[in-house]
Each structure stands twice: as structure tokens, then as C-alpha cells.
$ cat work_8.cif   # mmCIF, C-alpha atoms
data_coords
loop_
_atom_site.label_atom_id
_atom_site.label_comp_id
_atom_site.auth_asym_id
_atom_site.auth_seq_id
_atom_site.Cartn_x
_atom_site.Cartn_y
_atom_site.Cartn_z
CA MET A 1 34.97 7.33 1.47
CA SER A 2 37.79 4.86 2.07
CA SER A 3 38.13 1.72 -0.06
CA ASP A 4 36.87 -0.70 2.62
CA VAL A 5 33.79 1.41 3.46
CA ILE A 6 30.83 0.30 1.36
CA LEU A 7 28.12 2.47 2.96
CA LYS A 8 28.44 5.93 4.48
CA VAL A 9 25.54 7.84 6.05
CA GLU A 10 26.18 11.51 6.78
CA ASN A 11 23.80 13.63 8.91
CA VAL A 12 20.68 12.00 7.49
CA ALA A 13 17.31 13.21 8.79
CA LYS A 14 13.72 12.54 7.77
CA GLN A 15 10.83 14.87 8.57
CA TYR A 16 7.14 13.98 8.31
CA ARG A 17 4.01 16.05 8.70
CA LEU A 18 1.53 14.38 11.03
CA GLY A 19 -2.02 13.56 10.07
CA LEU A 20 -1.67 14.09 6.32
CA VAL A 21 -0.62 12.07 3.31
CA GLY A 22 2.68 13.33 1.95
CA THR A 23 5.03 15.91 3.36
CA GLY A 24 2.64 18.85 3.48
CA THR A 25 0.16 21.10 1.68
CA ILE A 26 0.66 22.76 -1.71
CA SER A 27 1.47 26.04 0.04
CA HIS A 28 4.21 24.35 2.07
CA ASP A 29 5.64 22.70 -1.03
CA LEU A 30 5.63 26.07 -2.82
CA ASN A 31 7.41 27.70 0.14
CA ARG A 32 10.05 24.98 0.01
CA TRP A 33 10.47 25.42 -3.77
CA TRP A 34 10.75 29.23 -3.48
CA SER A 35 13.40 28.85 -0.76
CA ARG A 36 15.44 26.54 -2.99
CA VAL A 37 15.16 28.96 -5.95
CA ARG A 38 16.54 31.77 -3.78
CA GLY A 39 19.30 29.51 -2.43
CA LYS A 40 17.94 29.60 1.10
CA GLU A 41 17.41 26.84 3.65
CA ASP A 42 14.14 24.92 3.77
CA PRO A 43 12.03 26.97 6.26
CA TYR A 44 10.42 23.85 7.72
CA LEU A 45 13.72 22.31 8.82
CA LYS A 46 13.76 24.70 11.77
CA ILE A 47 10.56 23.28 13.22
CA GLY A 48 9.47 19.82 14.29
CA GLU A 49 9.81 17.69 17.37
CA ALA A 50 11.72 14.55 18.28
CA ASN A 51 10.31 11.15 17.37
CA ASP A 52 8.81 10.12 20.73
CA ARG A 53 5.63 8.19 19.92
CA SER A 54 4.54 7.99 23.59
CA GLU A 55 4.14 11.74 24.08
CA LYS A 56 1.70 14.21 22.58
CA GLY A 57 3.48 16.93 20.63
CA ASN A 58 2.77 20.59 19.98
CA SER A 59 4.09 20.66 16.42
CA GLU A 60 2.51 19.17 13.31
CA TYR A 61 6.00 18.19 12.10
CA VAL A 62 8.06 15.36 13.53
CA TRP A 63 11.62 14.18 12.88
CA ALA A 64 11.39 10.42 12.33
CA LEU A 65 15.20 10.50 12.04
CA LYS A 66 17.64 13.19 13.09
CA ASP A 67 21.42 13.53 12.63
CA ILE A 68 22.10 9.90 11.69
CA SER A 69 25.73 9.26 10.78
CA PHE A 70 27.66 5.98 10.54
CA GLU A 71 29.85 3.89 8.24
CA VAL A 72 29.66 0.22 7.31
CA LYS A 73 32.65 -1.70 5.99
CA ARG A 74 32.59 -4.36 3.30
CA GLY A 75 31.73 -7.77 4.73
CA GLU A 76 30.38 -6.36 7.99
CA VAL A 77 27.05 -7.43 9.51
CA LEU A 78 25.45 -4.44 11.21
CA GLY A 79 22.49 -4.84 13.54
CA ILE A 80 20.00 -2.01 13.98
CA ILE A 81 17.96 -2.26 17.18
CA GLY A 82 15.54 -0.08 19.09
CA LYS A 83 11.97 0.13 20.34
CA ASN A 84 8.98 0.24 18.01
CA GLY A 85 8.83 3.71 16.45
CA ALA A 86 12.52 4.44 17.03
CA GLY A 87 13.11 4.95 13.29
CA LYS A 88 14.60 1.60 12.24
CA SER A 89 12.31 0.93 9.28
CA THR A 90 12.46 4.55 8.14
CA LEU A 91 16.25 4.33 8.05
CA LEU A 92 16.17 1.12 6.01
CA LYS A 93 13.67 2.61 3.55
CA ILE A 94 15.99 5.56 3.03
CA LEU A 95 18.99 3.27 2.54
CA SER A 96 16.95 1.19 0.06
CA ARG A 97 15.87 4.36 -1.77
CA VAL A 98 12.19 3.67 -1.13
CA THR A 99 12.02 7.21 0.23
CA SER A 100 14.52 10.06 0.23
CA PRO A 101 15.99 11.82 3.26
CA THR A 102 14.87 15.35 4.08
CA VAL A 103 18.50 16.33 4.66
CA GLY A 104 21.78 14.47 4.62
CA GLU A 105 23.65 12.26 2.19
CA ILE A 106 24.10 8.52 1.65
CA LYS A 107 27.06 7.11 -0.29
CA THR A 108 27.12 3.47 -1.37
CA LYS A 109 29.26 1.19 -3.50
CA GLY A 110 27.52 -1.64 -5.33
CA ARG A 111 24.04 -3.07 -5.49
CA ILE A 112 21.56 -3.02 -2.60
CA ALA A 113 18.87 -5.71 -2.18
CA SER A 114 16.12 -5.04 0.35
CA LEU A 115 13.66 -7.27 2.15
CA LEU A 116 11.50 -4.77 4.02
CA GLU A 117 7.97 -6.17 4.08
CA VAL A 118 6.33 -9.53 3.48
CA GLY A 119 5.56 -10.05 -0.20
CA THR A 120 6.92 -6.71 -1.41
CA GLY A 121 6.94 -6.76 -5.19
CA PHE A 122 4.85 -9.95 -5.44
CA HIS A 123 1.78 -10.07 -7.67
CA PRO A 124 -0.95 -12.22 -6.04
CA GLU A 125 -2.31 -13.57 -9.35
CA MET A 126 1.09 -14.72 -10.60
CA THR A 127 2.67 -18.03 -9.63
CA GLY A 128 5.63 -18.32 -7.31
CA ARG A 129 7.95 -19.04 -10.24
CA GLU A 130 6.69 -15.98 -12.15
CA ASN A 131 7.11 -13.85 -9.05
CA VAL A 132 10.72 -14.98 -8.70
CA TYR A 133 11.39 -13.46 -12.12
CA LEU A 134 9.32 -10.35 -11.31
CA ASN A 135 10.90 -9.76 -7.90
CA GLY A 136 14.38 -10.51 -9.22
CA ALA A 137 13.91 -7.93 -11.97
CA ILE A 138 12.73 -5.37 -9.39
CA LEU A 139 15.88 -6.04 -7.36
CA GLY A 140 18.09 -5.59 -10.40
CA MET A 141 18.75 -9.13 -11.61
CA THR A 142 18.91 -9.93 -15.30
CA LYS A 143 16.88 -12.81 -16.74
CA LYS A 144 20.09 -14.71 -17.36
CA GLU A 145 21.06 -14.39 -13.69
CA ILE A 146 17.64 -15.60 -12.56
CA ASN A 147 17.71 -18.54 -14.96
CA SER A 148 21.07 -19.66 -13.58
CA LYS A 149 19.84 -19.53 -9.97
CA ILE A 150 16.14 -20.37 -10.22
CA ASP A 151 16.60 -23.96 -8.99
CA GLU A 152 18.69 -22.85 -5.98
CA ILE A 153 16.15 -20.14 -5.11
CA ILE A 154 13.23 -22.57 -5.19
CA GLU A 155 15.09 -25.22 -3.20
CA PHE A 156 16.17 -22.75 -0.53
CA SER A 157 12.64 -21.36 -0.17
CA GLY A 158 11.19 -24.82 0.52
CA CYS A 159 8.17 -24.02 -1.68
CA LEU A 160 8.84 -26.51 -4.50
CA ARG A 161 5.40 -28.12 -4.38
CA TYR A 162 3.61 -24.76 -4.66
CA ILE A 163 6.02 -22.91 -6.95
CA ASP A 164 3.57 -23.01 -9.88
CA THR A 165 0.58 -21.98 -7.71
CA PRO A 166 -0.60 -18.33 -7.56
CA VAL A 167 1.00 -16.46 -4.66
CA LYS A 168 -2.42 -15.34 -3.38
CA ARG A 169 -2.80 -18.88 -1.99
CA TYR A 170 0.51 -18.68 -0.08
CA SER A 171 0.70 -18.09 3.64
CA SER A 172 2.67 -15.06 4.85
CA GLY A 173 5.48 -17.43 5.91
CA MET A 174 5.70 -18.95 2.43
CA LYS A 175 5.82 -15.48 0.87
CA VAL A 176 8.68 -14.37 3.07
CA ARG A 177 10.55 -17.62 2.38
CA LEU A 178 10.36 -17.02 -1.36
CA ALA A 179 11.14 -13.30 -1.07
CA PHE A 180 14.19 -13.93 1.12
CA ALA A 181 15.46 -16.63 -1.22
CA VAL A 182 15.32 -14.22 -4.17
CA ALA A 183 17.08 -11.43 -2.23
CA ALA A 184 19.75 -13.76 -0.85
CA PHE A 185 20.64 -15.37 -4.18
CA LEU A 186 20.72 -11.99 -5.93
CA GLU A 187 24.27 -11.74 -4.51
CA PRO A 188 23.97 -8.05 -3.62
CA ASP A 189 26.85 -6.01 -2.27
CA ILE A 190 24.54 -4.87 0.56
CA LEU A 191 21.59 -6.95 1.83
CA VAL A 192 19.04 -5.00 3.89
CA VAL A 193 16.72 -7.17 6.01
CA ASP A 194 13.92 -5.77 8.16
CA GLU A 195 11.91 -7.69 10.79
CA VAL A 196 10.32 -9.90 8.12
CA LEU A 197 12.09 -13.04 9.38
CA ALA A 198 9.81 -12.97 12.44
CA VAL A 199 7.03 -14.21 10.15
CA GLY A 200 8.86 -17.42 9.27
CA ASP A 201 9.01 -20.57 11.38
CA ALA A 202 11.99 -21.53 13.55
CA GLU A 203 13.51 -23.80 10.91
CA PHE A 204 13.44 -21.06 8.27
CA GLN A 205 14.79 -18.41 10.65
CA LYS A 206 17.77 -20.64 11.41
CA LYS A 207 18.25 -21.30 7.70
CA ALA A 208 17.99 -17.59 6.83
CA ILE A 209 20.45 -16.52 9.53
CA GLY A 210 22.88 -19.19 8.31
CA LYS A 211 22.55 -17.86 4.76
CA MET A 212 23.24 -14.29 5.92
CA GLN A 213 26.35 -15.50 7.76
CA ASP A 214 27.51 -17.24 4.57
CA ILE A 215 26.89 -14.09 2.55
CA SER A 216 29.07 -12.12 4.95
CA ASP A 217 31.82 -14.66 5.75
CA SER A 218 32.28 -16.44 2.42
CA ASP A 219 31.27 -13.82 -0.11
CA GLY A 220 32.42 -10.71 1.78
CA ARG A 221 29.09 -8.97 1.36
CA THR A 222 27.51 -6.53 3.79
CA VAL A 223 24.29 -7.16 5.72
CA LEU A 224 22.11 -4.63 7.57
CA PHE A 225 19.83 -6.54 9.92
CA VAL A 226 16.89 -5.14 11.91
CA SER A 227 15.28 -7.42 14.50
CA HIS A 228 13.72 -7.50 17.96
CA ASN A 229 15.20 -10.98 18.41
CA MET A 230 18.29 -10.16 20.44
CA ALA A 231 19.60 -13.73 20.21
CA ALA A 232 19.62 -13.49 16.41
CA VAL A 233 21.29 -10.06 16.50
CA ARG A 234 23.92 -11.30 18.95
CA SER A 235 24.79 -14.41 16.91
CA LEU A 236 24.77 -12.70 13.50
CA CYS A 237 26.07 -9.15 13.94
CA SER A 238 29.59 -7.95 14.68
CA ARG A 239 28.39 -4.43 15.52
CA ALA A 240 25.04 -2.81 16.33
CA ILE A 241 23.43 0.62 16.31
CA CYS A 242 20.80 1.38 18.94
CA LEU A 243 18.21 3.99 17.90
CA GLU A 244 16.18 6.04 20.36
CA ASN A 245 13.55 8.56 19.25
CA GLY A 246 15.07 8.81 15.78
CA ARG A 247 18.68 9.35 16.91
CA VAL A 248 21.71 7.10 17.32
CA ALA A 249 21.96 6.40 21.04
CA LEU A 250 24.90 4.00 20.74
CA ASN A 251 27.09 2.63 17.95
CA THR A 252 29.36 -0.08 19.31
CA TYR A 253 30.02 -3.82 19.66
CA THR A 254 26.89 -6.00 19.56
CA ASP A 255 26.91 -7.21 23.19
CA GLU A 256 27.35 -3.70 24.53
CA ALA A 257 24.60 -2.27 22.30
CA ILE A 258 22.13 -5.03 23.24
CA ASP A 259 22.83 -4.63 26.97
CA PHE A 260 22.35 -0.87 26.64
CA TYR A 261 19.04 -1.33 24.79
CA LEU A 262 17.68 -3.95 27.18
CA ARG A 263 18.82 -2.10 30.26
CA ASN A 264 17.09 1.10 29.18
CA ASN A 265 13.88 -0.78 28.43
CA ALA A 266 14.07 -2.64 31.72
CA ASN A 267 14.48 0.54 33.72
CA GLU A 268 11.49 2.08 31.97
CA SER A 269 9.23 -0.92 32.53
CA VAL A 270 6.48 -0.67 35.11
CA PHE A 271 5.14 -3.70 36.93
CA LYS A 272 1.44 -4.17 36.24
CA ARG A 273 -0.71 -5.61 38.98
CA ILE A 274 -1.67 -9.23 38.32
CA SER A 275 -5.15 -10.16 39.54
CA ILE A 276 -7.36 -13.22 39.60
CA SER A 277 -11.03 -13.30 40.54
CA HIS A 278 -13.29 -16.32 40.88
CA ASN A 279 -16.71 -16.40 42.54
CA ASN A 280 -16.16 -14.38 45.72
CA PHE A 281 -12.39 -14.82 45.88
CA GLU A 282 -10.04 -12.03 44.74
CA PHE A 283 -6.24 -12.04 44.80
CA THR A 284 -3.75 -9.50 43.43
CA LEU A 285 0.02 -9.55 43.14
CA THR A 286 0.55 -5.84 43.73
CA LYS A 287 4.34 -5.40 43.54
CA ILE A 288 7.66 -7.04 42.78
CA LYS A 289 10.74 -5.44 44.29
CA ILE A 290 14.44 -6.31 44.11
CA GLU A 291 16.92 -4.98 46.64
CA SER A 292 20.57 -5.54 47.43
CA GLU A 293 22.70 -4.60 50.40
CA ASN A 294 23.96 -1.63 48.42
CA SER A 295 21.09 -0.31 46.32
CA GLU A 296 17.41 -0.71 45.52
CA PHE A 297 16.42 -1.99 42.03
CA SER A 298 18.16 -0.03 39.23
CA VAL A 299 21.38 -1.99 38.61
CA LEU A 300 22.42 -4.78 40.96
CA LYS A 301 25.92 -6.27 41.06
CA SER A 302 27.04 -9.84 40.56
CA GLY A 303 27.75 -11.37 43.97
CA ASP A 304 25.42 -9.02 45.89
CA LYS A 305 23.21 -10.33 48.66
CA VAL A 306 19.82 -9.81 47.04
CA SER A 307 16.17 -10.08 48.05
CA ILE A 308 13.24 -10.52 45.66
CA GLU A 309 10.02 -9.48 47.34
CA LEU A 310 6.45 -10.21 46.21
CA GLU A 311 3.67 -8.12 47.74
CA TYR A 312 0.08 -9.34 47.55
CA GLU A 313 -3.41 -8.59 48.80
CA SER A 314 -6.61 -10.66 48.93
CA ASN A 315 -10.17 -10.19 50.14
CA GLU A 316 -9.87 -13.10 52.59
CA GLN A 317 -7.32 -15.16 54.50
CA ILE A 318 -5.31 -17.53 52.32
CA LYS A 319 -5.50 -21.14 53.42
CA GLU A 320 -2.57 -22.42 51.39
CA MET A 321 0.00 -21.00 48.94
CA THR A 322 3.05 -22.11 47.03
CA PHE A 323 4.94 -20.32 44.27
CA ALA A 324 8.05 -20.15 42.09
CA VAL A 325 10.07 -17.19 40.86
CA HIS A 326 11.88 -17.94 37.58
CA VAL A 327 14.82 -15.79 36.46
CA GLU A 328 15.42 -15.70 32.68
CA ASN A 329 17.98 -14.05 30.42
CA ASN A 330 17.29 -11.88 27.38
CA GLN A 331 17.17 -14.98 25.16
CA ASP A 332 14.21 -16.35 27.18
CA MET A 333 16.37 -19.09 28.75
CA ARG A 334 15.51 -19.94 32.35
CA LEU A 335 18.65 -19.63 34.48
CA PHE A 336 17.33 -20.60 37.92
CA SER A 337 14.17 -20.72 40.04
CA LEU A 338 13.39 -19.82 43.65
CA SER A 339 10.60 -21.69 45.43
CA PRO A 340 9.66 -23.06 48.88
CA ARG A 341 8.70 -26.28 47.10
CA PHE A 342 12.42 -27.09 46.86
CA TYR A 343 12.35 -27.47 50.66
CA GLY A 344 9.01 -29.31 50.68
CA GLN A 345 7.31 -26.24 52.15
CA VAL A 346 3.80 -24.93 51.60
CA PHE A 347 2.71 -21.69 53.28
CA LYS A 348 -0.54 -22.11 55.21
CA ASN A 349 -3.03 -19.80 56.94
CA MET A 350 -1.49 -16.63 55.52
CA SER A 351 -2.92 -13.19 56.15
CA ALA A 352 -5.10 -11.53 53.51
CA SER A 353 -2.29 -9.12 52.62
CA GLY A 354 1.45 -9.34 53.08
CA ASN A 355 4.73 -10.06 51.36
CA ILE A 356 6.99 -12.99 50.52
CA LYS A 357 10.74 -12.52 50.40
CA CYS A 358 13.32 -14.69 48.63
CA LEU A 359 16.91 -14.16 49.80
CA ILE A 360 19.93 -14.94 47.60
CA ASP A 361 23.25 -14.86 49.47
CA LYS A 362 25.32 -14.25 46.30
CA LEU A 363 23.60 -13.17 43.09
CA PRO A 364 24.96 -15.69 40.51
CA LEU A 365 24.36 -13.54 37.43
CA PRO A 366 26.94 -11.82 35.21
CA GLN A 367 26.46 -8.37 33.72
CA GLY A 368 23.27 -8.10 31.67
CA THR A 369 19.52 -7.62 31.74
CA TYR A 370 17.11 -10.25 33.05
CA SER A 371 13.40 -10.87 33.53
CA ILE A 372 11.28 -12.52 36.21
CA SER A 373 8.34 -14.86 35.62
CA VAL A 374 6.02 -15.78 38.51
CA TRP A 375 3.98 -18.93 39.11
CA MET A 376 1.62 -19.13 42.11
CA LEU A 377 -0.89 -21.73 43.31
CA ILE A 378 -3.38 -20.40 45.86
CA ASN A 379 -5.71 -22.62 47.88
CA LYS A 380 -4.96 -25.46 45.42
CA LEU A 381 -7.42 -23.84 43.00
CA TYR A 382 -6.22 -20.51 41.67
CA ILE A 383 -3.14 -20.19 39.47
CA ILE A 384 -1.09 -17.17 38.43
CA ASN A 385 1.39 -17.89 35.62
CA GLU A 386 2.80 -14.57 34.39
CA LYS A 387 5.74 -14.52 31.97
CA LYS A 388 8.40 -11.77 31.97
CA CYS A 389 6.37 -9.55 34.31
CA PHE A 390 9.40 -7.75 35.77
CA HIS A 391 12.86 -6.75 34.52
CA PHE A 392 16.11 -5.90 36.26
CA SER A 393 19.73 -5.23 35.38
CA VAL A 394 22.96 -6.59 36.79
CA ASP A 395 26.33 -4.89 36.63
CA LYS A 396 29.81 -6.36 37.03
CA GLY A 397 30.67 -7.37 40.57
CA ASP A 398 33.32 -9.26 42.50
CA PHE A 399 31.38 -12.52 42.78
CA PHE A 400 34.34 -14.67 43.85
CA GLY A 401 35.62 -12.10 46.37
CA HIS A 402 39.24 -12.00 45.21
CA GLY A 403 39.15 -8.86 43.05
CA PHE A 404 39.17 -10.78 39.76
CA LEU A 405 36.28 -10.25 37.36
CA PRO A 406 35.78 -13.07 34.83
CA LYS A 407 36.11 -11.98 31.21
CA ASP A 408 33.06 -13.90 30.06
CA ASN A 409 29.58 -12.45 30.59
CA LYS A 410 27.42 -15.30 29.34
CA ASN A 411 27.39 -17.95 32.07
CA VAL A 412 25.63 -18.26 35.39
CA ARG A 413 28.10 -18.45 38.24
CA PHE A 414 28.38 -21.91 39.77
CA TYR A 415 27.12 -21.07 43.24
CA LEU A 416 23.50 -20.45 44.31
CA ASP A 417 22.09 -20.52 47.81
CA HIS A 418 18.72 -19.06 48.65
CA LYS A 419 16.03 -19.03 51.32
CA VAL A 420 12.33 -18.21 51.11
CA TYR A 421 10.32 -16.56 53.87
CA GLY A 422 6.57 -16.07 53.91
#

$ encode --input "work_8.cif" --output "C-alpha cells"
Amino acid sequence: MSSDVILKVENVAKQYRLGLVGTGTISHDLNRWWSRVRGKEDPYLKIGEANDRSEKGNSEYVWALKDISFEVKRGEVLGIIGKNGAGKSTLLKILSRVTSPTVGEIKTKGRIASLLEVGTGFHPEMTGRENVYLNGAILGMTKKEINSKIDEIIEFSGCLRYIDTPVKRYSSGMKVRLAFAVAAFLEPDILVVDEVLAVGDAEFQKKAIGKMQDISDSDGRTVLFVSHNMAAVRSLCSRAICLENGRVALNTYTDEAIDFYLRNNANESVFKRISISHNNFEFTLTKIKIESENSEFSVLKSGDKVSIELEYESNEQIKEMTFAVHVENNQDMRLFSLSPRFYGQVFKNMSASGNIKCLIDKLPLPQGTYSISVWMLINKLYIINEKKCFHFSVDKGDFFGHGFLPKDNKNVRFYLDHKVYG
């Protein structure tokens, strides 16, 4: 392991047996022990299925992680992203030595501090101050270290008023504030943070992310950060690993890893019918479809002529309808909206079933993954307001028509013209 590499993971895998506590029965443990005595391979490593939580398996063994290898340099902030069940938390527990890998090896230099679950290591009957000492000792701090930093820890947590109150009276957000403050001021060589920051409020999340940046930039310490908040991952991490079904799908720069993750999720998403029913009136938005001159759905290109089509059906003729289609990026920021209201139009006397098509002459979006939210007002009475109900991807395209592709990929292009037909 080179001098600037602080963490090295080599061919790590973790196998679990489904439906039982522990790794297996006594007979299986004895078989494993007898194989080790004879110098042979664990017989159960040859069986087991991939970690796909959405499918029913045929084996009672599953590989939560398989063939995980990567290196992290000193001072680097590494993001770990992936769907629920992809193996992120299992990997962090192995790195934190909460559990051991079935196979593989992990080499580290220095002290690791972990923040994996809300209130880990806290005793509910002890006060916040007492738990600072307890949790600090669990993480490897000496009493002298804690004494020198106790005031900073309490101030950063924002729990000064309640610091001498038993932790059982704390909210989950207060617990995670105090736990993060202890872990951050421990000054570890490697700080491992799971999705616990999602529990805190916006002010604390901003504060915690700023602290992690300081730990990395000023102190040269390493941070491993797991989150489903892509904006936080993008702003904090210099590199990211995307996990799929317990394996490393991509290990690259943060923007590229996030786009890969979001694009795969978007292409797997299925539009669910949106229905409203009141008295004898029934209305359903049955389909959303995006097409370009070149291809249908999948990946569109910046600058394409694009149509967004809404298909609907109702049990009676619609007297009046208006709507808006909102396009948002992966940080939940609305980029633009399409609506007949911009032209002062309201569709009247529409058939019971049909489609509405919005035409965009030049798609003003750079490479990335986006979502669509739909708002509809029907007969001045019935409202559909569905957030992020459809996803689509955009690839690089010659928006300006002169063969030059802008280097940036974060801004909406400065031209948008659209028409709406009902």
C-alpha cells in the first residue's frame, strides 16, 4: 500500500444466510471449521446468489457484497451511492469492523470513527454530557482528549440547553447532532458517515457537510460518505463509487457516478397511473411519453426537437382543463414549465379520452437525468398534483448547431420555445 493510500479494500465479499440469525446452523459452522483445519476452501463460498432484493432466489445464501476492491487516498472524500439494498451499509459496517468480511482483506492506516446509526453507543438513561464521554471512549478517545474538546462538541451539536438531560428525552435529530459532533471532533484519520444526516434538519445538514469539508481540506483527513442526497454527494465528494446488487458498478468522478446512478434508476422507473375519483366523476392520467426526432424515451439529446405527451381517460366528457408540466433536475430544482396558461389558453369540451402534446423546438437541457411533475385542474374542481412521476435522461447534443459542445453540464441553455396542443 503506497504512502498516500490510507484505505485499501481487496476482493471483499460478505455472505449471509437468509431467514436465520447468524451465518448458519451448527452443522454448517462445523463444516466450515473442518475445511479450515484441512486447509481447504470454505465449501459455502461456492454457493449463493447475487444481492438483488427485488427477485426471489433459489438459494438460502446471498452475497450482500461480492468482489469489492478500491483504494482511498489521504484527504479524499469518497461518496458511496446506490439503491436501497445495494450493499452500502454492509460495506461501511465491514470498514468500521462492526462485522467481518466473509472473504477479502481491508488495510487501513490510522483511526476510524463511524457514524452508522442514530444514537449508536448512547445510553438512554445517561445525560448528553455523560454520553459524550461514553461515545468518545467507544470511538477511541481518551478522557483527556474529550475534556479538551467537550465545549466545542457541545457547541457544535446545538444541544447546550439539554446537555445535562437524559438522552431518552432527546429527539432523533438531537441524538444525531450530538453523535456527529463527537465523531467529528474525535479527529479520526478516516470518518465513516452513513445516511444518518438525513435525520437532521436543513441547518444541521449544512453545518455537518461544512464540517466534513473542513476535516478533509484543512486537516487532510479522509471521509467516506453514504447518502441518497445527490446534491450533498456532488458538493462534498471528489470521487464516488456506485454499488449495484452488492458489486461495484462504477468507480469514477462524482458527476459521472451520479449521472450513471440516476440514469439507471430513471430507465428502470415505471410510470404509475394517476387517478382521481369524486362522486360519479373518474379521471386517470394513463401515460407520459417523451419522444424526439431521433429516438423514443431512453436518452434524449440536448437540442433535440422533443414532444412530451400526456394520455388520459375519463368516464365522461371534460368541460374544461388546464395543466402544467414541470421539469426538474436531480437536486429537485425546477428548471422550466410547459403550460397552455402561458398563452392564456384553457382547453374546453374535450373528449373523454385522448392525449395532450407539448412540443419543444430545442431541448434546453444539458447532459443529465431529470424528472417531470404534473399539475392538472379539471372542470375547475378536480386537481392532480403529482411530484416526480416520470424520469428521463438527456445526453450531450449540439444545441447551438455549430459543432461545439459546452464544457459545463450544470446550466439550462438560454433558449426555450414550446407549443401546447390539446

$ closest_residue --input "work_8.cif" --among "A:Val132, A:Ala249, A:Leu91, A:Ile163" --to "Ile106 (chain A)" --atoms "all atoms listed in the file"
A:Leu91

$ residues_around --input "work_8.cif" --residues "Lys168 (chain A)" --least-positions-apart "6" --cutoff "12 Å" --atoms "only C-alpha atoms" --output "list in words"
Gly119, Phe122, His123, Pro124, Glu125, Met126, Thr127, Gly128, Asn131, Tyr162, Met174 and Lys175 of chain A

$ write_last_selection --input "work_8.cif" --atoms "C-alpha atoms" --output "CSV table (one decimal), in the coordinates of the input"
chain,number,residue,atom,x,y,z
A,119,GLY,CA,5.6,-10.0,-0.2
A,122,PHE,CA,4.8,-10.0,-5.4
A,123,HIS,CA,1.8,-10.1,-7.7
A,124,PRO,CA,-1.0,-12.2,-6.0
A,125,GLU,CA,-2.3,-13.6,-9.4
A,126,MET,CA,1.1,-14.7,-10.6
A,127,THR,CA,2.7,-18.0,-9.6
A,128,GLY,CA,5.6,-18.3,-7.3
A,131,ASN,CA,7.1,-13.8,-9.0
A,162,TYR,CA,3.6,-24.8,-4.7
A,174,MET,CA,5.7,-19.0,2.4
A,175,LYS,CA,5.8,-15.5,0.9

$ residues_around --input "work_8.cif" --residues "Val306 (chain A)" --least-positions-apart "2" --cutoff "6 Å" --atoms "all atoms listed in the file" --output "ChimeraX atom specification"
/A:291-292,304,359-360

$ residues_around --input "work_8.cif" --residues "Glu293 (chain A)" --least-positions-apart "4" --cutoff "12 Å" --atoms "only C-alpha atoms" --output "list in words"
Phe297, Leu300, Lys301, Ser302, Gly303, Asp304, Lys305, Val306, Ser307, Leu359, Ile360, Asp361, Lys362 and Leu363 of chain A

$ atom_distance --input "work_8.cif" --atom1 "CA of Leu139 (chain A)" --atom2 "CA of Gly85 (chain A)"
26.7 Å

$ atom_distance --input "work_8.cif" --atom1 "CA of Pro364 (chain A)" --atom2 "CA of Gln345 (chain A)"
23.6 Å

$ residues_near_point --input "work_8.cif" --point "(-3.4, -10.6, 54.6)" --cutoff "10 Å" --atoms "all atoms listed in the file" --output "MDAnalysis selection string"
chainID A and resid 312:318 349:355

$ resolve_selection --input "work_8.cif" --expression "the PyMOL selection byres ((chain A and resi 328) around 12)" --output "VMD selection string"
chain A and resid 325 to 327 329 to 338 365 368 to 374 387 to 393 412

$ residues_around --input "work_8.cif" --residues "Asp214 (chain A)" --least-positions-apart "6" --cutoff "12 Å" --atoms "all atoms listed in the file" --output "VMD selection string"
chain A and resid 75 to 77 184 to 185 187 207 to 208 220 to 223 236

$ closest_residue --input "work_8.cif" --among "A:Ala113, A:Lys73, A:Asp151, A:Ser89" --to "Ser3 (chain A)" --atoms "all atoms listed in the file"
A:Lys73

$ residues_near_point --input "work_8.cif" --point "(21.3, -9.7, -6.0)" --cutoff "10 Å" --atoms "all atoms listed in the file" --output "MDAnalysis selection string"
chainID A and resid 111:114 136:137 139:142 145:146 182:191

$ closest_residue --input "work_8.cif" --among "A:Lys109, A:Lys40, A:Arg234, A:Lys14" --to "Leu92 (chain A)" --atoms "only C-alpha atoms"
A:Lys14

$ atom_distance --input "work_8.cif" --atom1 "CA of Asp259 (chain A)" --atom2 "CA of Lys83 (chain A)"
13.6 Å

$ closest_residue --input "work_8.cif" --among "A:Thr165, A:Asn229, A:Asn264, A:Gln205" --to "Leu243 (chain A)" --atoms "all atoms listed in the file"
A:Asn264

$ closest_residue --input "work_8.cif" --among "A:Gln367, A:Phe271, A:Thr322, A:Leu381" --to "Asp255 (chain A)" --atoms "only C-alpha atoms"
A:Gln367

$ closest_residue --input "work_8.cif" --among "A:Ile154, A:Ala179, A:Ile6, A:Val103" --to "Asn135 (chain A)" --atoms "all atoms listed in the file"
A:Ala179

$ residues_around --input "work_8.cif" --residues "Ile288 (chain A)" --least-positions-apart "3" --cutoff "7 Å" --atoms "all atoms listed in the file" --output "list in words"
Glu309, Leu310 and Glu311 of chain A

$ decode --input "work_8.cif" --residues "region 208-228 of chain A" --atoms "C-alpha atoms" --output "compact mmCIF listing (two decimals), in the first residue's frame"
# COMPACT_ATOMS: atom_id res chain seq x y z
CA ALA A 208 -22.32 18.88 9.13
CA ILE A 209 -21.35 18.96 5.45
CA GLY A 210 -19.27 22.09 6.12
CA LYS A 211 -17.52 20.31 8.99
CA MET A 212 -16.74 17.29 6.78
CA GLN A 213 -15.28 19.61 4.14
CA ASP A 214 -13.10 21.24 6.82
CA ILE A 215 -11.96 17.82 8.04
CA SER A 216 -10.88 16.93 4.51
CA ASP A 217 -9.50 20.28 3.26
CA SER A 218 -7.85 21.70 6.38
CA ASP A 219 -6.90 18.62 8.34
CA GLY A 220 -6.19 16.27 5.42
CA ARG A 221 -8.42 13.54 6.80
CA THR A 222 -10.42 11.03 4.78
CA VAL A 223 -14.22 10.87 4.69
CA LEU A 224 -16.43 8.03 3.41
CA PHE A 225 -19.92 9.40 2.86
CA VAL A 226 -23.08 7.41 2.08
CA SER A 227 -26.19 9.36 1.14
CA HIS A 228 -29.23 9.37 -1.14
